[in-house]
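K.L.:
One structure, pasted below without further comment.
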Amino acid sequence: MCAEVEETLKRIQTHKGVIGTIVVNAEGIPIRTTLDNSTTVQYAGLLHQLTMKARSTVRDIDPQNDLTFLRIRSKKHEIMVAPDKEYMLIVIQNPSE
Amino acid sequence: MEIVYVYTKKRNEFGRQCNFSDRSAELHVDILPDPSLAVNFIERDPCDVPIQCTQEMSEHEVNTERFESDTRGINHVEGGWPKDVNPHEMEQTIRFRKKVEKDENYISTVMQLGNNMEHCIKQNNAIDIYREYFEEEEVVEESEVQPSAKTINVFRDPNEVKRTASSLSWHPDGSRKLAVAYSSLEFQKVSKDMSLNSYIWDIENPNKPEMTLKPVSPLVCLEYNPKDCHILVGGSYNGQIAYWDTRKGSQPVEMSTIEHSHRDPVYRVIWLQSKTGTDTFSASTDGQVLWWDIRKMSEPTERLILDPNKKGNLDNALGAISLEFETTMPTKFMVGTEQGLVVSCNRKAKTPAEKIVCMYSGHHGPIYALQRNPFFPKNFLTVADWTARIWSEDIKESSIMWTKYHTAYLSDGSWSPVRPSVFFTIKMDGTLDVWDFLFKQNDPTLSVKVCDEALNSLRVQDNGHFLACGSQLGTVTLLEISSGLCTLQKNEKALATAMFERETKREKILEARHREMRLKERSRSEQSKEEDTKEGDGEESPEELITRIEKDFYEIVEAELKKRDKGEEKKAIIELPLESDI
């Protein structure tokens, strides 16, 4: 069981352009990360807040709705956040250009 | 003196409530006026004291409280660890992490999220979802906007006695300044108080002209030197040419001598293309076209007499009102005459007789404007009498395109420097017409009433966006044309070329046909001459011709009047039923 998780995460990491992967829990503790600690902590803290805000926005507009995915494209790379009730998967990728 | 009033209150009455009671008025002090004190004072001079009976108002300022903002950063440290785990202890954190990873929930969640994420990653890798697909295609601006012209500024003649703004010239460098020549072109209307000055205006400041030019006689035409933006040449009412240098002041630097100048007002002066940049030529109604070098104004360098018989006879000469010179064709130039003929001349001809190449007739009055199309130099625009006509150099018998006969006299016209199919005309009733013959041939695309008095001169700025028109009372109006009329439309050049070619071909065919008919007539008349000697049937004497024409004219006018009356009757008839309903 654990091995599947490992495999999935490794597969994601080895995709073209992926810079880093982070799994964060609801408290903001990084469970799995491929980046260094300080960067991870920064990403985890900031993105957690942003995801919460995005989710509340979506639900404010339509209470039946919920946030499924969040993508932030910046000049340098794209940050993708897959939120869930307890955990959050964050991937930073350099899109193919 | 001391005034004292003593209040007493019993101690046990302290703190007691006040019991008010009425009491009659008591006189406490009465100070009578003491005249002896008046010695110490003197009476004040009567002074004016202003009093105002208005609402009393007070001033009150309110300012919101300062909103102080500060920049802070967030220091992210690890947190959220449960109480029993010490974040600094590697062992404990690792143990905690391992525990979480074993959680069922964790596994299923991560699997699910991982799938989602993979999809997006692959998407990113497959295509660039934000790519500009159509960036090569230019945004086709559909000018749905109605063509319009907006008045930006109005420059009025600061003098009391108003003169006509007879000529305008834009500053060649950036068009920030406009030189206006003022003169009174009406016969013998010059009054003593009329100022002789012409002005250079800065288009941003309509209150006061930037510079004054003080000629000896009012200037009828004025031109900036396209090569040197400080030099202007002007032709004056008495026939002299003068040139100014704006750095040297208001007086002309040099003037041509009276003996060698024109005998009539100089209506047009143009700078020529030359290495020194000091050559100009001028035209006047005395029938001469003179060439000058401004360095030596004592006499003209060359002289041409516009004699249609090519004999150089000044008495026969046609008076010139407008000149045309295109820098791309430096050897040719054209002169528009008072008699309605356009004379095309060659500068490089050896003999004066050869100088006049050909003449174009077709107008009934003096040709006020003459200009080649900047994109199609073979075609030129003439503005005279009540029409504007477009000609092709090859067709000498008639113009290839013309506007209808307007109710007001046309006084000036010009092509747009940016669009080959757009030209502007101004009329004596104060309207400016913008024509776009690719859009509409019968009517102007835009007709704007600029002012109530007649407009006399027009000049378009080099970018085609602004134009200035001068009126009879010396008011120069600066107008801005909507962008649709000054941006080149796609295919415009091709369409204009096609239109010109088509019209030229039509005229050529007509010309050929006319020639054929004339040949036939000639051969027939030669034959008939041999048969009968005198057949004066066709020939009418001049008097009979005149009476016949007069009769025709009056008949036409009456028919027109009758038609108009009928139209009014019809209107009255239509109105009646409405009234009867009420």
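Lettering and numbering for the structure tokens are positional, with chains as A, B, ... in the shown order, residues counted from 1 in each chain, and ligands counted from 1 in the shown order.
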Hey, what's within 7 Å of range 32-38 of chain A if we count only C-alpha atoms and toss same-chain stuff fewer than 4 positions away? As a JSON list (two decimals) with C-alpha atoms, in the first residue's frame, please?
P.N.:
```json
[["chain", "number", "residue", "atom", "x", "y", "z"],
["A", 20, "GLY", "CA", 9.22, 19.77, -6.85],
["A", 21, "THR", "CA", 6.42, 17.93, -5.12],
["A", 22, "ILE", "CA", 5.04, 18.56, -1.60],
["A", 23, "VAL", "CA", 2.36, 16.74, 0.37],
["A", 42, "GLN", "CA", 7.21, 28.71, 2.69]]
```
K.L.:
Give me the chain A side of the contact with chain B, cut-off 7 Å, one line per residue showing its nearest atom pair and distance in Å at one decimal, counting only C-alpha atoms, sorted by chain and residue number, as a Markdown table.
P.N.:
```
| residue | atom | partner | partner_atom | distance |
| --- | --- | --- | --- | --- |
| A:Cys2 | CA | B:Lys102 | CA | 7.0 |
| A:Val5 | CA | B:Ile107 | CA | 6.3 |
| A:Thr8 | CA | B:Gly114 | CA | 6.6 |
| A:Ile12 | CA | B:Glu118 | CA | 6.4 |
| A:Lys16 | CA | B:Asn125 | CA | 6.9 |
| A:Glu27 | CA | B:Gly80 | CA | 5.2 |
| A:Gly28 | CA | B:Gly80 | CA | 6.2 |
| A:Ile29 | CA | B:Gly80 | CA | 6.2 |
| A:Ile31 | CA | B:Arg97 | CA | 5.7 |
| A:Val41 | CA | B:Glu78 | CA | 6.3 |
| A:Gln42 | CA | B:His76 | CA | 5.8 |
| A:Gly45 | CA | B:His76 | CA | 6.9 |
| A:Ala82 | CA | B:Leu113 | CA | 5.9 |
| A:Leu89 | CA | B:Leu113 | CA | 6.6 |
| A:Pro95 | CA | B:Asn124 | CA | 5.6 |
| A:Ser96 | CA | B:Asn125 | CA | 5.4 |
```
K.L.:
What is the distance, in Å and to one decimal place, between CA of Gln146 in chain B and CA of Trp415 in chain B?
P.N.:
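Going from CA of Gln146 in chain B over to CA of Trp415 in chain B, I get 20.4 Å.
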K.L.:
Between CA of Pro33 in chain B and CA of Val49 in chain B, what is the distance in Å, rounded to a tenth?
P.N.:
26.1 Å
K.L.:
Which is closer to Tyr368 in chain B than all the others in B:Ser447, B:Ser198, B:Thr382, B:Asn12, using only C-alpha atoms?
P.N.:
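Using only C-alpha atoms, the shortest distance to Tyr368 in chain B belongs to B:Thr382.
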K.L.:
Identify all residues of range 142-368 of chain B in alpha helix (DSSP H) (DSSP on the backbone) and supply them as a list of chain:residue names.
P.N.:
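Filtering range 142-368 of chain B to alpha helix (DSSP H) leaves B:Pro352, B:Ala353, B:Glu354, B:Lys355.
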K.L.:
Do you have the CA of Pro265 in chain B-CA of Gly474 in chain B distance handy?
P.N.:
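Between CA of Pro265 in chain B and CA of Gly474 in chain B the gap works out to 18.4 Å.
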K.L.:
I need the strand (DSSP E) residues of chain A per DSSP on the backbone, written as an NGL selection string.
P.N.:
:A and (18-25 or 30-33 or 70-73 or 78-83 or 87-93)
K.L.:
With only C-alpha atoms as the basis for distance, which of A:Leu46, A:Val91, A:Ile61, A:Ala26 is at the shortest distance from Thr14 in chain A?
P.N.:
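Residue with the minimum atom-to-atom distance to Thr14 in chain A: A:Val91.
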